[in-house]
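Next comes structure-v4.cif, with mmCIF, C-alpha atoms.
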data_query
loop_
_atom_site.label_atom_id
_atom_site.label_comp_id
_atom_site.auth_asym_id
_atom_site.auth_seq_id
_atom_site.Cartn_x
_atom_site.Cartn_y
_atom_site.Cartn_z
CA MET C 1 -114.04 -41.00 108.24
CA ALA C 2 -113.45 -43.15 105.15
CA ALA C 3 -112.43 -41.80 101.75
CA SER C 4 -112.21 -43.08 98.20
CA LYS C 5 -109.28 -41.93 96.06
CA LYS C 6 -109.21 -41.04 92.40
CA ILE C 7 -106.07 -39.95 90.56
CA LEU C 8 -107.03 -37.12 88.21
CA ILE C 9 -103.56 -36.55 86.75
CA ASN C 10 -100.90 -39.25 87.03
CA ASP C 11 -97.67 -37.67 85.80
CA MET C 12 -97.15 -33.99 86.53
CA PRO C 13 -93.53 -33.43 87.61
CA GLY C 14 -93.17 -30.65 90.16
CA LEU C 15 -96.91 -30.54 90.87
CA TYR C 16 -97.24 -27.83 93.50
CA ALA C 17 -100.25 -25.49 93.36
CA VAL C 18 -103.92 -26.48 93.56
CA ALA C 19 -107.11 -24.45 93.95
CA THR C 20 -110.83 -24.49 93.28
CA VAL C 21 -111.88 -21.89 90.72
CA ILE C 22 -115.13 -20.94 88.98
CA LEU C 23 -115.39 -20.98 85.16
CA ASP C 24 -118.69 -20.15 83.46
CA GLY C 25 -120.32 -20.41 86.87
CA GLU C 26 -119.16 -24.01 87.46
CA PRO C 27 -116.49 -25.28 89.88
CA TYR C 28 -113.19 -26.54 88.51
CA TYR C 29 -110.03 -27.70 90.16
CA ALA C 30 -106.85 -25.96 89.01
CA ALA C 31 -103.37 -27.45 89.30
CA ALA C 32 -99.91 -26.37 88.24
CA SER C 33 -96.25 -27.37 88.35
CA GLU C 34 -93.34 -25.42 89.81
CA GLN C 35 -90.99 -26.69 87.07
CA ARG C 36 -89.75 -24.51 84.22
CA ASN C 37 -92.38 -24.56 81.48
CA GLY C 38 -94.39 -26.71 83.90
CA LEU C 39 -97.89 -27.89 83.15
CA VAL C 40 -101.13 -26.15 84.15
CA ALA C 41 -104.55 -27.81 84.09
CA VAL C 42 -108.16 -27.18 85.06
CA VAL C 43 -110.33 -30.18 85.91
CA SER C 44 -114.14 -30.24 85.95
CA CYS C 45 -115.41 -31.01 89.45
CA ALA C 46 -118.50 -32.58 87.88
CA THR C 47 -116.88 -34.88 85.29
CA ASP C 48 -113.16 -35.02 86.24
CA GLU C 49 -112.34 -34.02 82.64
CA VAL C 50 -108.84 -32.52 82.39
CA HIS C 51 -108.19 -29.40 80.28
CA TRP C 52 -104.52 -28.50 79.71
CA ILE C 53 -103.74 -24.77 79.68
CA GLU C 54 -100.66 -24.18 77.55
CA GLY C 55 -98.26 -21.29 77.11
CA GLY C 56 -97.06 -20.55 80.61
CA LYS C 57 -93.49 -20.37 81.89
CA GLY C 58 -94.10 -22.57 84.95
CA GLY C 59 -92.78 -22.00 88.45
CA VAL C 60 -96.38 -21.66 89.65
CA MET C 61 -96.79 -21.15 93.41
CA GLY C 62 -100.50 -20.27 93.43
CA LEU C 63 -103.68 -20.11 91.33
CA MET C 64 -106.99 -18.32 92.00
CA ASN C 65 -109.86 -16.56 90.28
CA SER C 66 -109.32 -12.95 89.25
CA VAL C 67 -111.90 -10.16 89.47
CA LYS C 68 -113.51 -10.75 86.08
CA GLU C 69 -115.14 -13.94 84.86
CA ASN C 70 -113.02 -16.77 83.42
CA ARG C 71 -109.73 -15.18 84.42
CA LEU C 72 -107.14 -16.73 86.70
CA LEU C 73 -104.34 -15.15 88.69
CA SER C 74 -101.08 -17.08 88.85
CA ILE C 75 -97.73 -16.70 90.59
CA GLU C 76 -95.24 -17.69 87.88
CA GLU C 77 -91.45 -18.08 87.49
CA PHE C 78 -90.77 -19.12 91.08
CA TYR C 79 -88.61 -22.13 90.30
CA PRO C 80 -87.15 -24.86 92.56
CA GLY C 81 -84.10 -23.89 94.57
CA PHE C 82 -85.73 -20.52 95.34
CA ASP C 83 -84.81 -19.30 91.84
CA ALA C 84 -87.36 -16.52 91.90
CA ALA C 85 -85.66 -13.19 91.27
CA HIS C 86 -88.08 -12.57 88.39
CA SER C 87 -91.30 -14.09 89.70
CA LYS C 88 -94.48 -12.43 88.45
CA ILE C 89 -98.22 -12.05 88.91
CA VAL C 90 -99.84 -13.20 85.68
CA GLU C 91 -103.50 -13.01 84.70
CA ILE C 92 -104.69 -15.77 82.35
CA THR C 93 -107.90 -15.23 80.38
CA LEU C 94 -109.53 -18.55 79.56
CA GLU C 95 -111.94 -19.32 76.74
CA LYS C 96 -113.75 -22.48 75.76
CA LYS C 97 -113.18 -23.69 72.20
CA ASP C 98 -114.61 -26.95 70.89
CA GLY C 99 -115.53 -27.86 74.45
CA ARG C 100 -112.00 -27.37 75.77
CA TRP C 101 -110.72 -24.60 78.03
CA GLN C 102 -107.59 -22.88 76.76
CA ALA C 103 -105.62 -19.68 77.36
CA ALA C 104 -106.94 -16.91 75.14
CA SER C 105 -104.36 -14.45 76.52
CA ARG C 106 -101.81 -13.93 79.26
CA LYS C 107 -100.97 -10.60 80.88
CA GLU C 108 -98.18 -9.81 83.29
CA LEU C 109 -99.66 -7.61 86.01
CA ALA C 110 -96.46 -7.05 88.00
CA GLU C 111 -93.01 -8.45 88.57
CA VAL C 112 -92.58 -9.20 92.29
CA PRO C 113 -89.22 -10.85 93.04
CA TYR C 114 -89.47 -13.89 95.35
CA LEU C 115 -93.26 -13.72 95.34
CA HIS C 116 -94.36 -16.86 97.17
CA ARG C 117 -97.94 -16.19 98.28
CA LEU C 118 -100.73 -14.16 96.68
CA ALA C 119 -104.28 -13.23 97.68
CA LEU C 120 -106.98 -11.20 95.99
CA ILE C 121 -108.75 -9.16 98.66
CA ARG C 122 -111.70 -6.79 98.54
CA GLU C 123 -111.66 -3.63 100.63
CA SER C 124 -114.10 -0.72 100.89
CA ASP C 125 -112.08 1.24 98.32
CA GLY C 126 -111.56 -1.59 95.80
CA TRP C 127 -109.53 -4.70 95.02
CA TYR C 128 -105.96 -5.38 96.12
CA LEU C 129 -103.40 -8.05 95.29
CA ALA C 130 -101.66 -9.00 98.51
CA ALA C 131 -98.16 -10.13 97.50
CA GLY C 132 -96.09 -11.99 100.07
CA LYS C 133 -92.36 -12.03 99.29
CA LEU C 134 -90.42 -14.91 100.84
CA THR C 135 -87.30 -12.74 100.93
CA THR C 136 -86.00 -9.63 99.19
CA GLY C 137 -83.00 -11.40 97.70
CA LYS C 138 -80.69 -14.39 97.74
CA ASP C 139 -77.03 -14.86 96.87
CA PHE C 140 -77.33 -18.66 97.12
CA THR C 141 -80.08 -21.20 97.92
CA ASP C 142 -79.63 -21.19 101.70
CA ASP C 143 -79.10 -17.44 102.01
CA TRP C 144 -81.75 -16.19 104.46
CA SER C 145 -80.00 -12.96 105.39
CA ARG C 146 -82.73 -10.71 104.00
CA GLY C 147 -86.30 -10.46 105.22
CA GLY C 148 -89.44 -10.68 103.13
CA THR C 149 -92.15 -8.08 102.71
CA LEU C 150 -95.88 -7.77 102.24
CA GLU C 151 -96.90 -5.56 99.32
CA MET C 152 -100.41 -4.38 98.46
CA LEU C 153 -101.07 -3.72 94.79
CA ALA C 154 -104.23 -1.78 93.95
CA PHE C 155 -106.02 -3.64 91.13
CA ASP C 156 -108.93 -2.37 89.03
CA GLY C 157 -109.62 -5.72 87.39
CA GLU C 158 -107.45 -4.92 84.38
CA GLN C 159 -104.18 -3.54 85.67
CA VAL C 160 -102.23 -2.62 88.77
CA THR C 161 -102.89 1.04 89.59
CA GLY C 162 -100.79 1.43 92.72
CA ARG C 163 -98.24 -0.43 94.81
CA GLU C 164 -97.25 -0.10 98.46
CA THR C 165 -95.01 -2.06 100.82
CA VAL C 166 -97.02 -2.36 104.05
CA HIS C 167 -94.75 -4.60 106.11
CA GLU C 168 -91.00 -5.26 106.00
CA GLY C 169 -88.48 -7.45 107.80
CA LEU C 170 -90.55 -10.63 107.91
CA PHE C 171 -88.02 -13.41 107.40
CA LYS C 172 -89.07 -16.59 105.54
CA HIS C 173 -92.47 -15.05 104.80
CA HIS C 174 -94.52 -18.12 103.83
CA ALA C 175 -97.99 -18.01 105.39
CA MET C 176 -101.10 -16.28 104.03
CA LEU C 177 -104.81 -16.57 104.80
CA THR C 178 -107.78 -14.41 103.75
CA GLU C 179 -110.87 -13.81 105.87
CA ARG C 180 -113.82 -12.52 103.82
CA ARG C 181 -115.91 -9.74 105.40
CA GLU C 182 -118.56 -7.38 104.06
CA GLU C 183 -116.78 -4.36 105.51
CA GLY C 184 -113.42 -5.38 104.03
CA ASP C 185 -111.28 -8.50 104.09
CA ILE C 186 -108.63 -9.32 106.68
CA LEU C 187 -105.33 -10.75 105.50
CA TYR C 188 -103.36 -12.94 107.90
CA PHE C 189 -99.71 -13.53 107.10
CA GLY C 190 -96.66 -14.89 108.86
CA GLY C 191 -92.99 -15.74 108.97
CA THR C 192 -90.16 -16.11 111.46
CA GLU C 193 -91.33 -13.11 113.51
CA GLY C 194 -94.85 -14.50 113.99
CA THR C 195 -98.43 -14.15 112.76
CA PHE C 196 -99.87 -10.80 111.71
CA ALA C 197 -103.17 -9.35 110.45
CA ALA C 198 -103.52 -6.62 107.82
CA THR C 199 -106.68 -4.51 107.57
CA ARG C 200 -107.51 -1.40 105.59
CA GLU C 201 -108.85 1.38 107.76
CA ASN C 202 -109.63 4.95 106.66
CA GLY C 203 -107.60 4.56 103.48
CA ALA C 204 -104.48 3.16 105.17
CA TRP C 205 -103.14 -0.30 105.97
CA LYS C 206 -102.96 -1.28 109.63
CA ILE C 207 -100.78 -4.20 110.76
CA ARG C 208 -101.18 -5.90 114.13
CA GLN C 209 -99.36 -8.90 115.55
CA LEU C 210 -101.34 -11.87 116.85
CA LEU C 211 -98.56 -14.29 117.75
CA ASP C 212 -94.77 -14.25 118.05
CA ALA C 213 -94.17 -17.94 117.22
CA PRO C 214 -92.44 -18.61 113.86
CA THR C 215 -95.26 -19.23 111.38
CA SER C 216 -95.24 -21.11 108.08
CA GLU C 217 -99.00 -21.78 107.58
CA ILE C 218 -102.09 -20.29 109.29
CA VAL C 219 -105.63 -21.35 110.21
CA TYR C 220 -107.84 -19.11 112.35
CA GLU C 221 -111.12 -20.88 113.18
CA ASP C 222 -113.28 -21.96 116.10
CA LEU C 223 -111.98 -25.50 115.96
CA ASP C 224 -113.69 -26.86 119.12
CA GLY C 225 -117.04 -25.10 118.77
CA ASP C 226 -116.89 -23.12 122.00
CA GLY C 227 -117.52 -19.76 120.31
CA GLU C 228 -113.89 -18.56 120.37
CA ARG C 229 -111.44 -18.97 117.51
CA GLU C 230 -108.18 -20.88 117.87
CA LEU C 231 -105.03 -20.03 115.94
CA ALA C 232 -103.36 -23.07 114.35
CA ILE C 233 -99.97 -22.81 112.65
CA VAL C 234 -97.21 -24.87 111.13
CA GLU C 235 -94.44 -23.69 113.43
CA GLU C 236 -91.14 -22.69 111.81
CA PHE C 237 -90.47 -22.47 108.07
CA HIS C 238 -91.48 -25.84 106.58
CA GLY C 239 -91.58 -26.82 110.22
CA ASP C 240 -91.92 -30.04 112.22
CA LYS C 241 -94.93 -29.16 114.38
CA LEU C 242 -98.60 -28.32 113.99
CA VAL C 243 -99.42 -26.13 117.00
CA ILE C 244 -102.87 -24.99 118.12
CA PHE C 245 -103.00 -21.85 120.26
CA LYS C 246 -106.00 -20.95 122.40
CA LYS C 247 -107.07 -17.83 124.28
CA TRP C 248 -108.62 -17.89 127.71
CA GLY C 249 -110.62 -14.71 128.27
CA ASP C 250 -108.82 -11.55 127.17
CA GLY C 251 -105.33 -13.02 127.51
CA ASP C 252 -102.77 -13.85 124.88
CA PHE C 253 -102.74 -16.98 122.77
CA GLU C 254 -101.25 -19.95 124.63
CA ARG C 255 -100.06 -23.31 123.35
CA ALA C 256 -102.79 -25.90 123.72
CA LEU C 257 -102.02 -28.86 121.41
CA GLU C 258 -99.10 -30.01 119.25
CA TYR C 259 -98.80 -32.67 116.54
CA PRO C 260 -95.62 -33.76 114.70
CA LEU C 261 -94.96 -32.93 111.05
CA LYS C 262 -92.01 -33.37 108.70
CA LEU C 263 -91.57 -30.42 106.35
CA GLY C 264 -95.08 -29.25 107.17
CA HIS C 265 -96.55 -27.69 104.07
CA VAL C 266 -100.34 -28.06 104.27
CA LEU C 267 -102.76 -26.51 106.73
CA TRP C 268 -106.45 -25.89 106.07
CA GLY C 269 -109.32 -25.27 108.44
CA GLY C 270 -113.05 -24.93 107.97
CA THR C 271 -116.33 -26.80 107.73
CA PHE C 272 -115.89 -30.13 105.97
CA ALA C 273 -118.45 -32.93 105.68
CA GLY C 274 -120.64 -31.06 108.14
CA GLN C 275 -118.10 -30.46 110.91
CA MET C 276 -115.27 -28.07 111.69
CA SER C 277 -112.06 -29.77 110.64
CA LEU C 278 -108.33 -29.17 110.46
CA VAL C 279 -106.32 -30.66 107.58
CA SER C 280 -102.52 -30.89 107.78
CA GLY C 281 -99.78 -32.54 105.77
CA SER C 282 -96.05 -33.24 105.51
CA ARG C 283 -93.89 -33.29 102.40
CA GLU C 284 -91.20 -35.49 104.02
CA GLY C 285 -91.13 -38.40 106.47
CA SER C 286 -94.31 -40.47 106.08
CA ARG C 287 -95.64 -37.73 103.76
CA GLU C 288 -99.06 -37.96 105.38
CA LEU C 289 -102.28 -36.00 105.00
CA THR C 290 -104.41 -35.92 108.16
CA ILE C 291 -107.85 -34.63 109.18
CA ARG C 292 -108.58 -33.80 112.82
CA THR C 293 -111.67 -32.60 114.65
CA PHE C 294 -111.78 -31.14 118.16
CA THR C 295 -114.02 -30.58 121.16
CA PRO C 296 -113.79 -28.46 124.34
CA ASP C 297 -112.25 -30.24 127.32
CA ALA C 298 -113.45 -30.19 130.92
CA GLU C 299 -111.09 -27.35 131.89
CA GLY C 300 -112.21 -25.00 129.12
CA GLY C 301 -109.38 -26.00 126.81
CA ILE C 302 -109.41 -27.91 123.53
CA ALA C 303 -109.16 -31.68 123.02
CA LEU C 304 -108.83 -33.98 120.03
CA ALA C 305 -112.12 -35.60 119.02
CA GLN C 306 -111.13 -37.60 115.94
CA GLU C 307 -108.02 -38.12 113.81
CA THR C 308 -108.01 -39.67 110.33
CA THR C 309 -104.96 -40.33 108.17
CA VAL C 310 -106.21 -39.74 104.63
CA GLU C 311 -103.03 -40.79 102.85
CA GLU C 312 -99.36 -41.56 103.36
CA GLY C 313 -96.55 -41.31 100.82
CA GLY C 314 -97.98 -38.51 98.69
CA GLY C 315 -96.11 -35.59 100.21
CA PRO C 316 -98.84 -32.97 99.77
CA SER C 317 -97.73 -29.46 98.83
CA GLN C 318 -101.20 -27.84 98.74
CA VAL C 319 -104.83 -28.90 99.14
CA SER C 320 -108.19 -27.53 98.04
CA VAL C 321 -111.21 -28.54 100.08
CA ARG C 322 -114.89 -28.62 99.06
CA ASP C 323 -117.54 -29.10 101.72
CA LEU C 324 -120.54 -30.91 100.22
CA GLY C 325 -122.72 -31.09 103.31
CA GLU C 326 -122.74 -34.69 104.50
CA GLY C 327 -119.60 -35.38 102.47
CA GLY C 328 -116.79 -33.52 100.79
CA GLU C 329 -113.75 -33.62 98.53
CA ILE C 330 -110.10 -32.87 99.19
CA LEU C 331 -107.92 -32.22 96.15
CA VAL C 332 -104.26 -32.94 96.88
CA SER C 333 -101.11 -32.09 94.96
CA GLU C 334 -99.10 -35.21 95.83
CA TYR C 335 -95.74 -33.58 95.23
CA ALA C 336 -93.64 -36.68 95.87
CA LEU C 337 -95.60 -38.68 93.28
CA GLY C 338 -96.41 -36.00 90.71
CA GLN C 339 -100.07 -36.92 91.08
CA LEU C 340 -103.20 -34.85 91.39
CA ALA C 341 -105.51 -36.89 93.62
CA LYS C 342 -109.10 -36.37 94.73
CA TYR C 343 -110.29 -37.89 98.00
CA THR C 344 -114.08 -38.14 98.28
CA PHE C 345 -115.72 -38.63 101.70
#
The structure given in the file should be rewritten as structure tokens.
Amino acid sequence: MAASKKILINDMPGLYAVATVILDGEPYYAAASEQRNGLVAVVSCATDEVHWIEGGKGGVMGLMNSVKENRLLSIEEFYPGFDAAHSKIVEITLEKKDGRWQAASRKELAEVPYLHRLALIRESDGWYLAAGKLTTGKDFTDDWSRGGTLEMLAFDGEQVTGRETVHEGLFKHHAMLTERREEGDILYFGGTEGTFAATRENGAWKIRQLLDAPTSEIVYEDLDGDGERELAIVEEFHGDKLVIFKKWGDGDFERALEYPLKLGHVLWGGTFAGQMSLVSGSREGSRELTIRTFTPDAEGGIALAQETTVEEGGGPSQVSVRDLGEGGEILVSEYALGQLAKYTF
């Protein structure tokens, strides 16, 4: 699987967050820095034109579309060294002026200390902001004595109308994944205690545990095409292994495959270039980004079908993947280089 590389932004210190968003009905890439007063940009997927969005405070851990058109949700003020006691959910309203996107307004929706992961989920009774807190407090950088939490913030598209802590005591809470469903989304999240799923049932949040292995990133897909989903994780916080777990029948998940990482910080799974794929990456060591595909083995397990090293040296912090049928694009925040790179297949 060969790829061509294009650098969209060449000097963005602290480049961390990337996403694909929709503005005026068209796809754009969004990218942001974790530095104080760090840069934010949206980039046309059609033309690669870069639009700088000014006025933010930086420390951005995540970007995504909000409920209403041309609005983005951002985790802000989570700075390097886990300086995040005042991190916030911010909604940015964008407008186009003289052909350029810019911030028309910014609104703080909620202060959520140590907010590291955010998802916008739709349930039968409305929208919620799922806020994953890495911890509930730190006295120094390496203080991990307090667990994180998962909060659900009811959101009417304009403001937060309610707030509830639905899970506590999840140390080094780092992982978050949303599964879209007509009857209500499922949120998967994880930390030292394992992988969990949150669903809203009869007006209340229900939490169930899927796995007890320490989890830093999550993918839950049928990777080998046998009709049953596998659970893939980066094991341990910023861990050194990609592990794929498989179920046989009605049993528990069991370890099936492992691949080495070094400060594993990227994990994405889904259909890419016409086939189910798993993308992983390391921020240290060789700083690689890798795509793997899988197939069932003769014993009913899972086996590697193909492995492609997309890049080395970039140190990806996040990726955004677009499946374009026979081909696709992977947007990479190359943290070690301060580059926003697009790989086209």
Query - Picked residues, the PyMOL selection byres ((chain C and resi 309) around 12), expected as a VMD selection string - result: chain C and resid 1 to 3 278 to 282 286 to 292 306 to 308 310 to 314 343
Keeping C-alpha atoms, export the residues of the selection given above as a PDB file, keeping the file's coordinate frame.
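To be explicit, this is the file written out as result_19.pdb:
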ATOM      1  CA  MET C   1    -114.040 -41.000 108.240  1.00  0.00           C
ATOM      2  CA  ALA C   2    -113.450 -43.150 105.150  1.00  0.00           C
ATOM      3  CA  ALA C   3    -112.430 -41.800 101.750  1.00  0.00           C
ATOM      4  CA  LEU C 278    -108.330 -29.170 110.460  1.00  0.00           C
ATOM      5  CA  VAL C 279    -106.320 -30.660 107.580  1.00  0.00           C
ATOM      6  CA  SER C 280    -102.520 -30.890 107.780  1.00  0.00           C
ATOM      7  CA  GLY C 281     -99.780 -32.540 105.770  1.00  0.00           C
ATOM      8  CA  SER C 282     -96.050 -33.240 105.510  1.00  0.00           C
ATOM      9  CA  SER C 286     -94.310 -40.470 106.080  1.00  0.00           C
ATOM     10  CA  ARG C 287     -95.640 -37.730 103.760  1.00  0.00           C
ATOM     11  CA  GLU C 288     -99.060 -37.960 105.380  1.00  0.00           C
ATOM     12  CA  LEU C 289    -102.280 -36.000 105.000  1.00  0.00           C
ATOM     13  CA  THR C 290    -104.410 -35.920 108.160  1.00  0.00           C
ATOM     14  CA  ILE C 291    -107.850 -34.630 109.180  1.00  0.00           C
ATOM     15  CA  ARG C 292    -108.580 -33.800 112.820  1.00  0.00           C
ATOM     16  CA  GLN C 306    -111.130 -37.600 115.940  1.00  0.00           C
ATOM     17  CA  GLU C 307    -108.020 -38.120 113.810  1.00  0.00           C
ATOM     18  CA  THR C 308    -108.010 -39.670 110.330  1.00  0.00           C
ATOM     19  CA  VAL C 310    -106.210 -39.740 104.630  1.00  0.00           C
ATOM     20  CA  GLU C 311    -103.030 -40.790 102.850  1.00  0.00           C
ATOM     21  CA  GLU C 312     -99.360 -41.560 103.360  1.00  0.00           C
ATOM     22  CA  GLY C 313     -96.550 -41.310 100.820  1.00  0.00           C
ATOM     23  CA  GLY C 314     -97.980 -38.510  98.690  1.00  0.00           C
ATOM     24  CA  TYR C 343    -110.290 -37.890  98.000  1.00  0.00           C
TER      25      TYR C 343
END
Requested in this report: With a distance cut-off of 8 Å and only C-alpha atoms, select the neighbouring residues of Gly132 of chain C, excluding the residue or stretch itself and same-chain residues fewer than 6 positions from it, and output the selection as an MDAnalysis selection string.
Outcome: chainID C and resid 115:118 148:151 173:174 176
Counting only C-alpha atoms, which residues of segment 78-156 of chain C sit at most 9 Å from some atom of segment 202-213 of chain C, and what is each one's closest atom pair with its distance in Å to one decimal, listed by chain and rising residue number, as CSV?
residue,atom,partner,partner_atom,distance
C:Ser124,CA,C:Gly203,CA,8.8
C:Asp125,CA,C:Gly203,CA,7.6
C:Met152,CA,C:Trp205,CA,9.0
Report task. Compile the contact shell of Gly157 of chain C as an MDAnalysis selection string: residues with an atom at most 7 Å away, counting only C-alpha atoms, same-chain residues fewer than 2 positions apart removed. Result -> chainID C and resid 67:68 155 159
Report task. Would you mind listing what lies within 7 Å of Val40 of chain C as a ChimeraX atom specification, with only C-alpha atoms counted and same-chain residues fewer than 5 positions away left out? Result -> /C:31-33,52-54
Based on the selection just made, write C-alpha atoms of those residues as a PDB file, keeping the file's coordinate frame.
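Below you can see part13.pdb, which holds the result:
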ATOM      1  CA  ALA C  31    -103.370 -27.450  89.300  1.00  0.00           C
ATOM      2  CA  ALA C  32     -99.910 -26.370  88.240  1.00  0.00           C
ATOM      3  CA  SER C  33     -96.250 -27.370  88.350  1.00  0.00           C
ATOM      4  CA  TRP C  52    -104.520 -28.500  79.710  1.00  0.00           C
ATOM      5  CA  ILE C  53    -103.740 -24.770  79.680  1.00  0.00           C
ATOM      6  CA  GLU C  54    -100.660 -24.180  77.550  1.00  0.00           C
TER       7      GLU C  54
END
**Report entry** Selected residue, from C:Gly264, C:Gly328, C:Gly38, C:Gly55, that lies nearest to Leu15 of chain C when counting all atoms listed in the file
**Finding:** C:Gly38
Enclose all atoms of segment 140-146 of chain C listed in the file in an axis-aligned box, grow every side by 6 Å, and hand back centre and edge lengths in Å to one decimal, as AutoDock Vina command-line options.
--center_x -80.0 --center_y -16.0 --center_z 101.3 --size_x 17.4 --size_y 22.5 --size_z 20.3
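Picture a line from atom CA of Leu23 of chain C to atom CA of Arg71 of chain C; it runs 8.1 Å.
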Report as a PDB file with C-alpha atoms, in the coordinates of the input the full result of the PyMOL selection byres ((chain C and resi 114) around 8) when it is applied to this structure.
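Okay, selection23.pdb is ready:
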ATOM      1  CA  PHE C  78     -90.770 -19.120  91.080  1.00  0.00           C
ATOM      2  CA  PHE C  82     -85.730 -20.520  95.340  1.00  0.00           C
ATOM      3  CA  ASP C  83     -84.810 -19.300  91.840  1.00  0.00           C
ATOM      4  CA  ALA C  84     -87.360 -16.520  91.900  1.00  0.00           C
ATOM      5  CA  ALA C  85     -85.660 -13.190  91.270  1.00  0.00           C
ATOM      6  CA  HIS C  86     -88.080 -12.570  88.390  1.00  0.00           C
ATOM      7  CA  SER C  87     -91.300 -14.090  89.700  1.00  0.00           C
ATOM      8  CA  VAL C 112     -92.580  -9.200  92.290  1.00  0.00           C
ATOM      9  CA  PRO C 113     -89.220 -10.850  93.040  1.00  0.00           C
ATOM     10  CA  LEU C 115     -93.260 -13.720  95.340  1.00  0.00           C
ATOM     11  CA  HIS C 116     -94.360 -16.860  97.170  1.00  0.00           C
ATOM     12  CA  LYS C 133     -92.360 -12.030  99.290  1.00  0.00           C
ATOM     13  CA  LEU C 134     -90.420 -14.910 100.840  1.00  0.00           C
ATOM     14  CA  THR C 135     -87.300 -12.740 100.930  1.00  0.00           C
ATOM     15  CA  THR C 136     -86.000  -9.630  99.190  1.00  0.00           C
ATOM     16  CA  GLY C 137     -83.000 -11.400  97.700  1.00  0.00           C
TER      17      GLY C 137
END
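Here atom CA of Val166 of chain C stands at a distance of 24.7 Å from atom CA of Leu72 of chain C.
Atom pair atom CA of Ser333 of chain C / atom CA of His51 of chain C has a distance of 16.5 Å (rounded to one decimal).
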Query raised in the report: Which residue, C:His238, C:Arg200, C:Lys262, C:Lys97, has the smallest gap to Asp185 of chain C when you use all atoms listed in the file?
Result: C:Arg200
